[in-house]
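Chemist: This is the structure I have questions about; it appears just below.
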There are 2 protein chains.
Amino acid sequence: MSKEEAIAKLIQVFRQYGYEGTTLAKLSKATGLGKASLYHYFPGGKAEMGEAVLEYANKWFQTTVLKPLQSDGQPEARIMAMSQQINKFYSEGQETCLWSILSVGEAQDLFNSQIQNSLITWIDALIQVLIEAGIEVEQARQRSEDAIIQVQGALILARVLNNNSPFKRTLAELPKTLLGK
Amino acid sequence: MSKEEAIAKLIQVFRQYGYEGTTLAKLSKATGLGKASLYHYFPGGKAEMGEAVLEYANKWFQTTVLKPLQSDGQPEARIMAMSQQINKFYSEGQETCLWSILSVGEAQDLFNSQIQNSLITWIDALIQVLIEAGIEVEQARQRSEDAIIQVQGALILARVLNNNSPFKRTLAELPKTLLGK
DNA sequence: GTCTATACGTGGATAGAC
DNA sequence: GTCTATCCACGTATAGAC
């Protein structure tokens with residue numbers, strides 16, 4: 001098993017259990033590797049695995065979600081493309097956001113700056129598109145923040161209510177939220 | 001120290017560290033009670049403490065947030081009163097929501113039905129007010145869900161960005177979100 | 001009710017064989 | 001690279017004195 005493949009398995013565990021709820025036993029079971037093998041790939045142990053998982057998720061997000069947003073079509077089309085990708089990225093609202101779950105407790109101390117960067121990158125990418133669409137910068141910032149707020153909040157609602165329809169509705173309305181029409 | 005006072009201290013720990021990140025050592029330190037004393041109040045251990053903390057938060061939320069919403073003024077005034085109380089309840093966006101943090105990992109199995117009830121109660125209370133304001137029921141439901149989504153999402157953004165201004169802005173716009181004007 | 005002391009499992013991490 | 005075996009600290013929980 002390659003390191004990449006291992007990380008893809010690890011990410012599931014961190015997403016489901018959070019940092020402190022994730023144990024080496026769970027990580028071992030998820031990958032099929034013994035604890036010692038995990039330490040071969042990640043000498044820094046659990047903290048390094050968390051770091052790797054965040055880095056992996058970040059790249060994945062950049063490729064699948066941000067890239068369509070930064071392509072060269074019409075702003076509205078790009079935003080719609082992004083919404084579709086977000087839907088996939090979070091498995092239609094059934095998966096927790098790694099950023100939100102790794103921003104509490106001990107994990108916050110370890111990863112917050114990394115997570116903050118990811119979120120800021122996302123916000124800035126949105127602002128860029130809205131400016132291209134002719135929206136004034138401060139309003140663009142507010143709407144971009146609102147969009148992310150809504151995605152994050154909708155994921156929580158989906159998890160607690162065990163029902164992803166508010167999440168899907170939120171995504172469907174993202175273009176309106178961002179472009180204001 | 002009364003049981004109530006103890007619970008008020010415990011809640012801080014669960015909020016900050018989540019269920020799995022919360023240890024008896026932390027709970028002991030926060031209350032000033034020895035571990036054995038905690039077991040005197042909560043024979044069921046950590047799980048019972050989590051339960052008690054959720055129950056406490058729920059009552060607190062009902063009294064401070066829902067009651068103003070269900071008073072007998074104009075809908076808009078009641079919604080504004082609720083927003084103010086939400087602001088206090090989450091310490092201006094600087095405190096995590098207990099419901100969102102206890103809905104992951106092992107805690108999800110233990111507490112999800114309780115948390116689900118709390119959230120549904122909130123949504124239903126909002127729907128009631130919007131219906132009184134003359135809004136059609138399905139739209140009332142959607143807007144109520146949206147309001148909660150925005151509060152939850154804004155709390156996440158505040159935590160990650162270490163900046164509560166989006167949270168405050170979100171709260172300020174809640175009346176508009178709900179009443180649609 | 002609150003404490004000290006302690007039991008027992010599990011968590012993270014390492015050694016060393018293959 | 002992956003395993004088995006093992007270490008040590010800490011986690012939850014309990015016993016029993018005061």
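Residues in the structure tokens are numbered from 1 in each chain, the chains being A, B, ... in the order shown, and ligands are numbered from 1 in the order shown.
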Please identify all residues of chain D having at least one atom at most 10 Å from any atom of chain B, considering only C-alpha atoms (C1' of nucleotides), and return them as a list of chain:residue names.

Modeler: D:DC10, D:DG11, D:DT12, D:DA13, D:DT14

Chemist: Put those residues in a file: N, CA and C atoms (P, O5', C5', C4', C3', O3' and C1' of nucleotides), as a PDB file, in the first residue's frame.

Modeler:
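Result saved to result17.pdb:
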```pdb
ATOM      1  P    DC D  10       1.331  11.029  31.719  1.00  0.00           P
ATOM      2  O5'  DC D  10      -0.185  10.651  31.392  1.00  0.00           O
ATOM      3  C5'  DC D  10      -0.596  10.537  30.036  1.00  0.00           C
ATOM      4  C4'  DC D  10      -1.937   9.825  29.981  1.00  0.00           C
ATOM      5  C3'  DC D  10      -2.969  10.441  30.928  1.00  0.00           C
ATOM      6  O3'  DC D  10      -4.137  10.638  30.182  1.00  0.00           O
ATOM      7  C1'  DC D  10      -2.887   8.099  31.190  1.00  0.00           C
ATOM      8  P    DG D  11      -5.306  11.568  30.554  1.00  0.00           P
ATOM      9  O5'  DG D  11      -6.572  10.634  30.370  1.00  0.00           O
ATOM     10  C5'  DG D  11      -6.791   9.973  29.128  1.00  0.00           C
ATOM     11  C4'  DG D  11      -7.777   8.854  29.350  1.00  0.00           C
ATOM     12  C3'  DG D  11      -8.818   9.204  30.396  1.00  0.00           C
ATOM     13  O3'  DG D  11     -10.096   9.441  29.859  1.00  0.00           O
ATOM     14  C1'  DG D  11      -7.788   7.088  30.879  1.00  0.00           C
ATOM     15  P    DT D  12     -11.270   9.837  30.878  1.00  0.00           P
ATOM     16  O5'  DT D  12     -11.828   8.468  31.451  1.00  0.00           O
ATOM     17  C5'  DT D  12     -12.345   7.483  30.553  1.00  0.00           C
ATOM     18  C4'  DT D  12     -12.734   6.253  31.345  1.00  0.00           C
ATOM     19  C3'  DT D  12     -13.851   6.488  32.356  1.00  0.00           C
ATOM     20  O3'  DT D  12     -14.839   5.481  32.195  1.00  0.00           O
ATOM     21  C1'  DT D  12     -11.975   5.490  33.427  1.00  0.00           C
ATOM     22  P    DA D  13     -16.246   5.587  33.030  1.00  0.00           P
ATOM     23  O5'  DA D  13     -15.875   4.813  34.360  1.00  0.00           O
ATOM     24  C5'  DA D  13     -15.438   3.455  34.265  1.00  0.00           C
ATOM     25  C4'  DA D  13     -14.918   2.995  35.616  1.00  0.00           C
ATOM     26  C3'  DA D  13     -15.871   3.254  36.786  1.00  0.00           C
ATOM     27  O3'  DA D  13     -16.364   2.003  37.251  1.00  0.00           O
ATOM     28  C1'  DA D  13     -13.586   3.707  37.346  1.00  0.00           C
ATOM     29  P    DT D  14     -17.394   1.930  38.479  1.00  0.00           P
ATOM     30  O5'  DT D  14     -16.408   1.614  39.683  1.00  0.00           O
ATOM     31  C5'  DT D  14     -15.470   0.547  39.537  1.00  0.00           C
ATOM     32  C4'  DT D  14     -14.708   0.365  40.826  1.00  0.00           C
ATOM     33  C3'  DT D  14     -15.547   0.404  42.102  1.00  0.00           C
ATOM     34  O3'  DT D  14     -15.215  -0.747  42.872  1.00  0.00           O
ATOM     35  C1'  DT D  14     -13.708   1.854  42.288  1.00  0.00           C
TER      36       DT D  14
END
```

Chemist: Identify, on the basis of only C-alpha atoms (C1' of nucleotides), every residue whose closest approach to Leu102 in chain A does not exceed 12 Å; exclude the query and any residue fewer than 3 positions from it along the same chain; express the result as a count of residues only.

Modeler: 40

Chemist: Pick out the chain C residues within 12 Å of chain B. Count only C-alpha atoms (C1' of nucleotides). Give them as a ChimeraX atom specification.

Modeler: /C:1-5

Chemist: My list of candidates is A:Ala8, A:Val151, A:Ile127, A:Leu174. Which is closest to chain B when distances are computed with only C-alpha atoms?

Modeler: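 Result for the nearest residue to chain B: A:Val151.
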
Chemist: Taking 3 positions as the minimum chain separation for residues in the same chain, which residues sit within 10 Å of Ala52 in chain A when counting only C-alpha atoms (C1' of nucleotides)? Answer as a short mmCIF file (atom, residue, chain, number, x, y, z; two decimals) with C-alpha atoms, in the first residue's frame.

Modeler:
```
data_model
loop_
_atom_site.label_atom_id
_atom_site.label_comp_id
_atom_site.auth_asym_id
_atom_site.auth_seq_id
_atom_site.Cartn_x
_atom_site.Cartn_y
_atom_site.Cartn_z
CA LYS A 3 1.43 6.30 1.45
CA GLU A 4 -1.22 8.10 -0.58
CA ILE A 7 -3.80 8.58 3.85
CA ALA A 8 -7.03 8.17 1.92
CA LEU A 10 -6.89 7.55 7.46
CA ILE A 11 -8.95 10.54 6.45
CA PHE A 42 4.49 8.59 9.82
CA LYS A 46 -0.86 10.52 15.26
CA ALA A 47 -0.04 14.21 14.97
CA GLU A 48 1.83 13.62 11.73
CA MET A 49 -1.04 11.54 10.41
CA GLU A 55 -2.62 18.30 3.54
CA TYR A 56 -4.21 15.60 1.44
CA ALA A 57 -7.70 17.03 1.93
CA ASN A 58 -6.42 20.46 1.05
#
```

Chemist: Please run DSSP on the backbone and report, as a compact mmCIF listing (two decimals) with N, CA and C atoms, in the first residue's frame, all residues within chain A that come out as alpha helix (DSSP H).

Modeler:
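Result file follows (out-v5.txt):
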```
# COMPACT_ATOMS: atom_id res chain seq x y z
N LYS A 3 1.75 5.32 0.41
CA LYS A 3 1.43 6.30 1.45
C LYS A 3 0.14 7.04 1.12
N GLU A 4 -0.01 7.41 -0.14
CA GLU A 4 -1.22 8.10 -0.58
C GLU A 4 -2.47 7.29 -0.27
N GLU A 5 -2.41 6.01 -0.61
CA GLU A 5 -3.57 5.15 -0.37
C GLU A 5 -3.87 5.06 1.12
N ALA A 6 -2.80 4.98 1.90
CA ALA A 6 -2.98 4.92 3.35
C ALA A 6 -3.68 6.17 3.86
N ILE A 7 -3.21 7.32 3.39
CA ILE A 7 -3.80 8.58 3.85
C ILE A 7 -5.29 8.64 3.51
N ALA A 8 -5.62 8.14 2.33
CA ALA A 8 -7.03 8.17 1.92
C ALA A 8 -7.90 7.37 2.88
N LYS A 9 -7.31 6.34 3.48
CA LYS A 9 -8.07 5.56 4.47
C LYS A 9 -8.11 6.29 5.82
N LEU A 10 -6.98 6.85 6.18
CA LEU A 10 -6.89 7.55 7.46
C LEU A 10 -7.91 8.67 7.56
N ILE A 11 -8.09 9.36 6.44
CA ILE A 11 -8.95 10.54 6.45
C ILE A 11 -10.37 10.18 6.91
N GLN A 12 -10.82 9.01 6.53
CA GLN A 12 -12.17 8.58 6.93
C GLN A 12 -12.30 8.52 8.45
N VAL A 13 -11.26 8.00 9.08
CA VAL A 13 -11.31 7.83 10.53
C VAL A 13 -11.32 9.18 11.23
N PHE A 14 -10.41 10.06 10.84
CA PHE A 14 -10.36 11.39 11.46
C PHE A 14 -11.68 12.13 11.25
N ARG A 15 -12.24 12.00 10.08
CA ARG A 15 -13.51 12.68 9.79
C ARG A 15 -14.62 12.18 10.70
N GLN A 16 -14.62 10.89 10.93
CA GLN A 16 -15.74 10.34 11.69
C GLN A 16 -15.60 10.57 13.20
N TYR A 17 -14.37 10.44 13.70
CA TYR A 17 -14.18 10.43 15.15
C TYR A 17 -13.53 11.69 15.72
N GLY A 18 -13.05 12.57 14.85
CA GLY A 18 -12.31 13.71 15.37
C GLY A 18 -10.92 13.29 15.80
N TYR A 19 -10.12 14.27 16.21
CA TYR A 19 -8.73 13.95 16.52
C TYR A 19 -8.59 13.09 17.77
N GLU A 20 -9.21 13.49 18.82
CA GLU A 20 -9.04 12.78 20.08
C GLU A 20 -9.79 11.45 20.07
N GLY A 21 -10.86 11.39 19.29
CA GLY A 21 -11.60 10.14 19.19
C GLY A 21 -10.94 9.13 18.28
N LEU A 24 -5.02 4.82 17.41
CA LEU A 24 -4.16 4.07 16.51
C LEU A 24 -4.80 2.74 16.15
N ALA A 25 -5.55 2.18 17.07
CA ALA A 25 -6.25 0.93 16.78
C ALA A 25 -7.21 1.11 15.61
N LYS A 26 -7.98 2.21 15.64
CA LYS A 26 -8.93 2.47 14.55
C LYS A 26 -8.19 2.72 13.23
N LEU A 27 -7.09 3.48 13.33
CA LEU A 27 -6.33 3.79 12.12
C LEU A 27 -5.72 2.52 11.54
N SER A 28 -5.29 1.66 12.43
CA SER A 28 -4.69 0.39 12.02
C SER A 28 -5.72 -0.48 11.31
N LYS A 29 -6.89 -0.54 11.91
CA LYS A 29 -7.95 -1.35 11.32
C LYS A 29 -8.37 -0.81 9.96
N ALA A 30 -8.49 0.52 9.87
CA ALA A 30 -8.97 1.15 8.63
C ALA A 30 -8.00 0.92 7.47
N THR A 31 -6.72 0.92 7.79
CA THR A 31 -5.73 0.77 6.71
C THR A 31 -5.35 -0.69 6.48
N LYS A 35 0.17 -1.12 13.80
CA LYS A 35 0.59 0.19 14.33
C LYS A 35 2.01 0.53 13.90
N ALA A 36 2.89 -0.45 14.02
CA ALA A 36 4.29 -0.19 13.71
C ALA A 36 4.48 0.21 12.25
N SER A 37 3.64 -0.33 11.37
CA SER A 37 3.73 0.05 9.96
C SER A 37 3.30 1.50 9.77
N LEU A 38 2.29 1.89 10.51
CA LEU A 38 1.88 3.30 10.44
C LEU A 38 3.03 4.21 10.85
N TYR A 39 3.77 3.77 11.87
CA TYR A 39 4.90 4.59 12.31
C TYR A 39 6.04 4.58 11.29
N HIS A 40 6.05 3.57 10.44
CA HIS A 40 7.04 3.58 9.37
C HIS A 40 6.75 4.74 8.41
N TYR A 41 5.47 4.90 8.07
CA TYR A 41 5.09 5.98 7.15
C TYR A 41 5.07 7.34 7.85
N LYS A 46 0.49 10.06 15.54
CA LYS A 46 -0.86 10.52 15.26
C LYS A 46 -0.88 11.96 14.77
N ALA A 47 -0.06 12.81 15.39
CA ALA A 47 -0.04 14.21 14.97
C ALA A 47 0.38 14.33 13.51
N GLU A 48 1.38 13.55 13.12
CA GLU A 48 1.83 13.62 11.73
C GLU A 48 0.77 13.08 10.78
N MET A 49 0.05 12.06 11.24
CA MET A 49 -1.04 11.54 10.41
C MET A 49 -2.12 12.60 10.22
N GLY A 50 -2.44 13.31 11.28
CA GLY A 50 -3.43 14.38 11.16
C GLY A 50 -2.97 15.44 10.18
N GLU A 51 -1.73 15.81 10.30
CA GLU A 51 -1.13 16.79 9.39
C GLU A 51 -1.24 16.31 7.94
N ALA A 52 -0.85 15.06 7.72
CA ALA A 52 -0.86 14.51 6.36
C ALA A 52 -2.26 14.47 5.79
N VAL A 53 -3.19 14.10 6.64
CA VAL A 53 -4.58 14.00 6.21
C VAL A 53 -5.12 15.39 5.81
N LEU A 54 -4.75 16.40 6.58
CA LEU A 54 -5.18 17.76 6.25
C LEU A 54 -4.57 18.23 4.94
N GLU A 55 -3.31 17.90 4.77
CA GLU A 55 -2.62 18.30 3.54
C GLU A 55 -3.27 17.64 2.33
N TYR A 56 -3.56 16.37 2.49
CA TYR A 56 -4.21 15.60 1.44
C TYR A 56 -5.57 16.20 1.10
N ALA A 57 -6.36 16.47 2.14
CA ALA A 57 -7.70 17.03 1.93
C ALA A 57 -7.60 18.39 1.25
N ASN A 58 -6.59 19.13 1.63
CA ASN A 58 -6.42 20.46 1.05
C ASN A 58 -6.15 20.39 -0.46
N LYS A 59 -5.24 19.51 -0.82
CA LYS A 59 -4.95 19.33 -2.24
C LYS A 59 -6.18 18.88 -2.99
N TRP A 60 -6.86 17.94 -2.41
CA TRP A 60 -8.06 17.38 -3.02
C TRP A 60 -9.10 18.49 -3.23
N PHE A 61 -9.25 19.32 -2.21
CA PHE A 61 -10.20 20.42 -2.29
C PHE A 61 -9.80 21.41 -3.38
N LYS A 67 -10.48 24.62 -8.39
CA LYS A 67 -10.08 24.74 -9.79
C LYS A 67 -11.25 25.11 -10.70
N PRO A 68 -12.37 24.41 -10.60
CA PRO A 68 -13.54 24.81 -11.42
C PRO A 68 -13.96 26.25 -11.17
N LEU A 69 -13.77 26.68 -9.94
CA LEU A 69 -14.15 28.05 -9.59
C LEU A 69 -13.25 29.07 -10.28
N PRO A 75 -18.80 33.81 -14.38
CA PRO A 75 -18.83 33.65 -12.92
C PRO A 75 -19.96 32.72 -12.44
N GLU A 76 -21.14 32.92 -12.96
CA GLU A 76 -22.26 32.10 -12.48
C GLU A 76 -22.05 30.63 -12.79
N ALA A 77 -21.56 30.33 -13.97
CA ALA A 77 -21.30 28.93 -14.34
C ALA A 77 -20.23 28.33 -13.45
N ARG A 78 -19.23 29.13 -13.13
CA ARG A 78 -18.14 28.61 -12.29
C ARG A 78 -18.63 28.34 -10.88
N ILE A 79 -19.49 29.22 -10.40
CA ILE A 79 -20.03 29.01 -9.06
C ILE A 79 -20.92 27.77 -9.02
N MET A 80 -21.67 27.57 -10.09
CA MET A 80 -22.50 26.37 -10.13
C MET A 80 -21.64 25.10 -10.18
N ALA A 81 -20.55 25.20 -10.92
CA ALA A 81 -19.63 24.06 -10.98
C ALA A 81 -19.06 23.77 -9.59
N MET A 82 -18.68 24.83 -8.90
CA MET A 82 -18.14 24.67 -7.54
C MET A 82 -19.16 23.98 -6.64
N SER A 83 -20.40 24.42 -6.71
CA SER A 83 -21.44 23.85 -5.85
C SER A 83 -21.57 22.34 -6.07
N GLN A 84 -21.54 21.95 -7.31
CA GLN A 84 -21.60 20.52 -7.62
C GLN A 84 -20.44 19.77 -7.00
N GLN A 85 -19.26 20.38 -7.08
CA GLN A 85 -18.07 19.72 -6.54
C GLN A 85 -18.13 19.66 -5.01
N ILE A 86 -18.65 20.70 -4.39
CA ILE A 86 -18.81 20.69 -2.94
C ILE A 86 -19.73 19.54 -2.54
N ASN A 87 -20.78 19.40 -3.29
CA ASN A 87 -21.72 18.32 -3.02
C ASN A 87 -21.02 16.96 -3.03
N LYS A 88 -20.18 16.74 -4.00
CA LYS A 88 -19.41 15.49 -4.06
C LYS A 88 -18.41 15.41 -2.91
N PHE A 89 -17.72 16.52 -2.69
CA PHE A 89 -16.65 16.55 -1.68
C PHE A 89 -17.18 16.12 -0.32
N LEU A 98 -13.61 17.95 7.61
CA LEU A 98 -12.39 17.71 8.36
C LEU A 98 -11.90 18.97 9.06
N TRP A 99 -12.09 20.10 8.40
CA TRP A 99 -11.63 21.37 8.99
C TRP A 99 -12.39 21.70 10.25
N SER A 100 -13.68 21.52 10.20
CA SER A 100 -14.45 21.90 11.38
C SER A 100 -14.19 20.91 12.52
N ILE A 101 -13.98 19.66 12.19
CA ILE A 101 -13.82 18.66 13.26
C ILE A 101 -12.41 18.70 13.85
N GLY A 105 -10.46 21.40 20.61
CA GLY A 105 -9.64 20.70 21.58
C GLY A 105 -8.15 20.74 21.28
N GLU A 106 -7.51 19.63 21.55
CA GLU A 106 -6.08 19.51 21.34
C GLU A 106 -5.70 19.74 19.88
N ALA A 107 -6.58 19.27 18.98
CA ALA A 107 -6.31 19.40 17.55
C ALA A 107 -6.21 20.86 17.14
N GLN A 108 -6.94 21.71 17.82
CA GLN A 108 -6.91 23.13 17.49
C GLN A 108 -5.50 23.69 17.62
N ASP A 109 -4.84 23.32 18.70
CA ASP A 109 -3.47 23.79 18.91
C ASP A 109 -2.54 23.27 17.81
N LEU A 110 -2.79 22.05 17.38
CA LEU A 110 -1.90 21.44 16.40
C LEU A 110 -2.12 21.97 14.98
N PHE A 111 -3.39 22.15 14.61
CA PHE A 111 -3.69 22.34 13.20
C PHE A 111 -4.34 23.65 12.82
N ASN A 112 -4.60 24.52 13.79
CA ASN A 112 -5.48 25.64 13.44
C ASN A 112 -4.91 26.55 12.36
N SER A 113 -3.61 26.77 12.37
CA SER A 113 -3.08 27.70 11.38
C SER A 113 -3.23 27.11 9.97
N GLN A 114 -3.00 25.80 9.88
CA GLN A 114 -3.16 25.13 8.59
C GLN A 114 -4.61 25.22 8.08
N ILE A 115 -5.54 24.96 8.99
CA ILE A 115 -6.95 25.01 8.62
C ILE A 115 -7.37 26.42 8.27
N GLN A 116 -6.88 27.36 9.04
CA GLN A 116 -7.18 28.76 8.77
C GLN A 116 -6.74 29.14 7.35
N ASN A 117 -5.56 28.70 6.98
CA ASN A 117 -5.07 28.98 5.63
C ASN A 117 -6.00 28.41 4.57
N SER A 118 -6.42 27.18 4.76
CA SER A 118 -7.31 26.56 3.78
C SER A 118 -8.59 27.36 3.61
N LEU A 119 -9.13 27.78 4.74
CA LEU A 119 -10.40 28.51 4.69
C LEU A 119 -10.22 29.88 4.04
N ILE A 120 -9.12 30.53 4.37
CA ILE A 120 -8.85 31.85 3.80
C ILE A 120 -8.65 31.74 2.29
N THR A 121 -7.97 30.68 1.87
CA THR A 121 -7.79 30.47 0.43
C THR A 121 -9.14 30.35 -0.28
N TRP A 122 -10.02 29.61 0.37
CA TRP A 122 -11.35 29.43 -0.20
C TRP A 122 -12.09 30.77 -0.29
N ILE A 123 -12.10 31.48 0.80
CA ILE A 123 -12.78 32.78 0.83
C ILE A 123 -12.21 33.70 -0.26
N ASP A 124 -10.89 33.75 -0.34
CA ASP A 124 -10.27 34.65 -1.32
C ASP A 124 -10.61 34.28 -2.75
N ALA A 125 -10.69 32.97 -2.99
CA ALA A 125 -11.05 32.52 -4.33
C ALA A 125 -12.47 32.97 -4.68
N LEU A 126 -13.34 32.88 -3.69
CA LEU A 126 -14.73 33.32 -3.93
C LEU A 126 -14.78 34.82 -4.19
N ILE A 127 -14.05 35.57 -3.37
CA ILE A 127 -14.04 37.02 -3.53
C ILE A 127 -13.61 37.40 -4.95
N GLN A 128 -12.56 36.73 -5.42
CA GLN A 128 -12.07 37.01 -6.78
C GLN A 128 -13.16 36.87 -7.82
N VAL A 129 -13.88 35.78 -7.72
CA VAL A 129 -14.94 35.54 -8.72
C VAL A 129 -16.02 36.61 -8.65
N LEU A 130 -16.37 36.98 -7.41
CA LEU A 130 -17.44 37.97 -7.27
C LEU A 130 -16.99 39.34 -7.78
N ILE A 131 -15.73 39.64 -7.59
CA ILE A 131 -15.21 40.91 -8.12
C ILE A 131 -15.27 40.90 -9.65
N GLU A 132 -14.89 39.77 -10.22
CA GLU A 132 -15.03 39.61 -11.68
C GLU A 132 -16.46 39.81 -12.13
N VAL A 137 -15.92 45.09 -3.42
CA VAL A 137 -15.07 44.18 -2.67
C VAL A 137 -15.60 43.82 -1.27
N GLU A 138 -16.11 44.82 -0.57
CA GLU A 138 -16.55 44.50 0.79
C GLU A 138 -17.79 43.60 0.78
N GLN A 139 -18.67 43.87 -0.16
CA GLN A 139 -19.83 42.99 -0.29
C GLN A 139 -19.41 41.59 -0.76
N ALA A 140 -18.43 41.57 -1.62
CA ALA A 140 -17.92 40.27 -2.08
C ALA A 140 -17.39 39.47 -0.91
N ARG A 141 -16.69 40.13 -0.02
CA ARG A 141 -16.15 39.44 1.16
C ARG A 141 -17.28 38.89 2.03
N GLN A 142 -18.26 39.72 2.29
CA GLN A 142 -19.36 39.27 3.14
C GLN A 142 -20.10 38.09 2.54
N ARG A 143 -20.37 38.17 1.27
CA ARG A 143 -21.11 37.08 0.64
C ARG A 143 -20.29 35.80 0.61
N SER A 144 -19.00 35.95 0.41
CA SER A 144 -18.14 34.76 0.40
C SER A 144 -18.12 34.10 1.77
N GLU A 145 -17.99 34.92 2.80
CA GLU A 145 -18.05 34.37 4.15
C GLU A 145 -19.40 33.70 4.39
N ASP A 146 -20.45 34.36 3.95
CA ASP A 146 -21.79 33.79 4.13
C ASP A 146 -21.91 32.43 3.46
N ALA A 147 -21.35 32.31 2.28
CA ALA A 147 -21.45 31.04 1.56
C ALA A 147 -20.81 29.92 2.36
N ILE A 148 -19.63 30.20 2.90
CA ILE A 148 -18.92 29.16 3.65
C ILE A 148 -19.63 28.86 4.96
N ILE A 149 -20.14 29.90 5.59
CA ILE A 149 -20.95 29.71 6.78
C ILE A 149 -22.11 28.77 6.49
N GLN A 150 -22.74 28.97 5.36
CA GLN A 150 -23.91 28.16 5.06
C GLN A 150 -23.54 26.70 4.77
N VAL A 151 -22.44 26.51 4.07
CA VAL A 151 -22.01 25.13 3.81
C VAL A 151 -21.68 24.43 5.13
N GLN A 152 -20.93 25.10 5.98
CA GLN A 152 -20.53 24.48 7.25
C GLN A 152 -21.74 24.22 8.14
N GLY A 153 -22.61 25.21 8.23
CA GLY A 153 -23.80 25.04 9.06
C GLY A 153 -24.70 23.94 8.54
N ALA A 154 -24.83 23.87 7.23
CA ALA A 154 -25.69 22.84 6.64
C ALA A 154 -25.15 21.45 6.91
N LEU A 155 -23.84 21.31 6.94
CA LEU A 155 -23.25 20.01 7.26
C LEU A 155 -23.59 19.60 8.69
N ILE A 156 -23.58 20.56 9.59
CA ILE A 156 -23.94 20.25 10.98
C ILE A 156 -25.40 19.84 11.07
N LEU A 157 -26.25 20.60 10.43
CA LEU A 157 -27.68 20.26 10.46
C LEU A 157 -27.92 18.87 9.88
N ALA A 158 -27.24 18.58 8.79
CA ALA A 158 -27.40 17.27 8.16
C ALA A 158 -27.00 16.16 9.13
N ARG A 159 -25.92 16.38 9.83
CA ARG A 159 -25.40 15.36 10.75
C ARG A 159 -26.37 15.16 11.91
N VAL A 160 -26.80 16.25 12.52
CA VAL A 160 -27.64 16.14 13.71
C VAL A 160 -29.04 15.63 13.35
N LEU A 161 -29.61 16.16 12.30
CA LEU A 161 -30.97 15.74 11.94
C LEU A 161 -30.98 14.45 11.14
N SER A 165 -31.40 17.01 3.23
CA SER A 165 -32.10 17.88 2.28
C SER A 165 -31.83 19.37 2.53
N PRO A 166 -31.72 19.83 3.78
CA PRO A 166 -31.32 21.23 3.94
C PRO A 166 -29.95 21.52 3.31
N PHE A 167 -29.05 20.55 3.40
CA PHE A 167 -27.73 20.73 2.79
C PHE A 167 -27.85 20.89 1.27
N LYS A 168 -28.65 20.04 0.66
CA LYS A 168 -28.80 20.11 -0.79
C LYS A 168 -29.46 21.42 -1.20
N ARG A 169 -30.43 21.84 -0.43
CA ARG A 169 -31.09 23.11 -0.73
C ARG A 169 -30.10 24.27 -0.59
N THR A 170 -29.30 24.23 0.45
CA THR A 170 -28.30 25.28 0.65
C THR A 170 -27.35 25.36 -0.54
N LEU A 171 -26.91 24.22 -0.99
CA LEU A 171 -25.99 24.22 -2.15
C LEU A 171 -26.68 24.77 -3.39
N ALA A 172 -27.93 24.38 -3.56
CA ALA A 172 -28.65 24.85 -4.74
C ALA A 172 -28.79 26.37 -4.73
N LEU A 174 -26.61 28.44 -3.38
CA LEU A 174 -25.31 29.13 -3.29
C LEU A 174 -25.12 30.21 -4.35
N PRO A 175 -25.42 29.94 -5.61
CA PRO A 175 -25.24 30.99 -6.61
C PRO A 175 -26.00 32.26 -6.26
N LYS A 176 -27.22 32.07 -5.77
CA LYS A 176 -28.03 33.22 -5.36
C LYS A 176 -27.39 33.93 -4.17
N THR A 177 -26.94 33.16 -3.20
CA THR A 177 -26.27 33.73 -2.03
C THR A 177 -25.08 34.59 -2.45
N LEU A 178 -24.32 34.07 -3.38
CA LEU A 178 -23.08 34.74 -3.76
C LEU A 178 -23.33 35.92 -4.71
N LEU A 179 -24.17 35.69 -5.71
CA LEU A 179 -24.37 36.73 -6.72
C LEU A 179 -25.50 37.67 -6.35
```

Chemist: What does the distance between CA of Gln70 in chain B and CA of Asn162 in chain A come to in Å, to one decimal place?

Modeler: 26.7 Å

Chemist: I'd like to know which of B:Ser2, B:Ser103, B:Gln94, B:Ala133 is closest to chain A, using only C-alpha atoms.

Modeler: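 Answer, going by the shortest atom-to-atom distance: B:Ser103.
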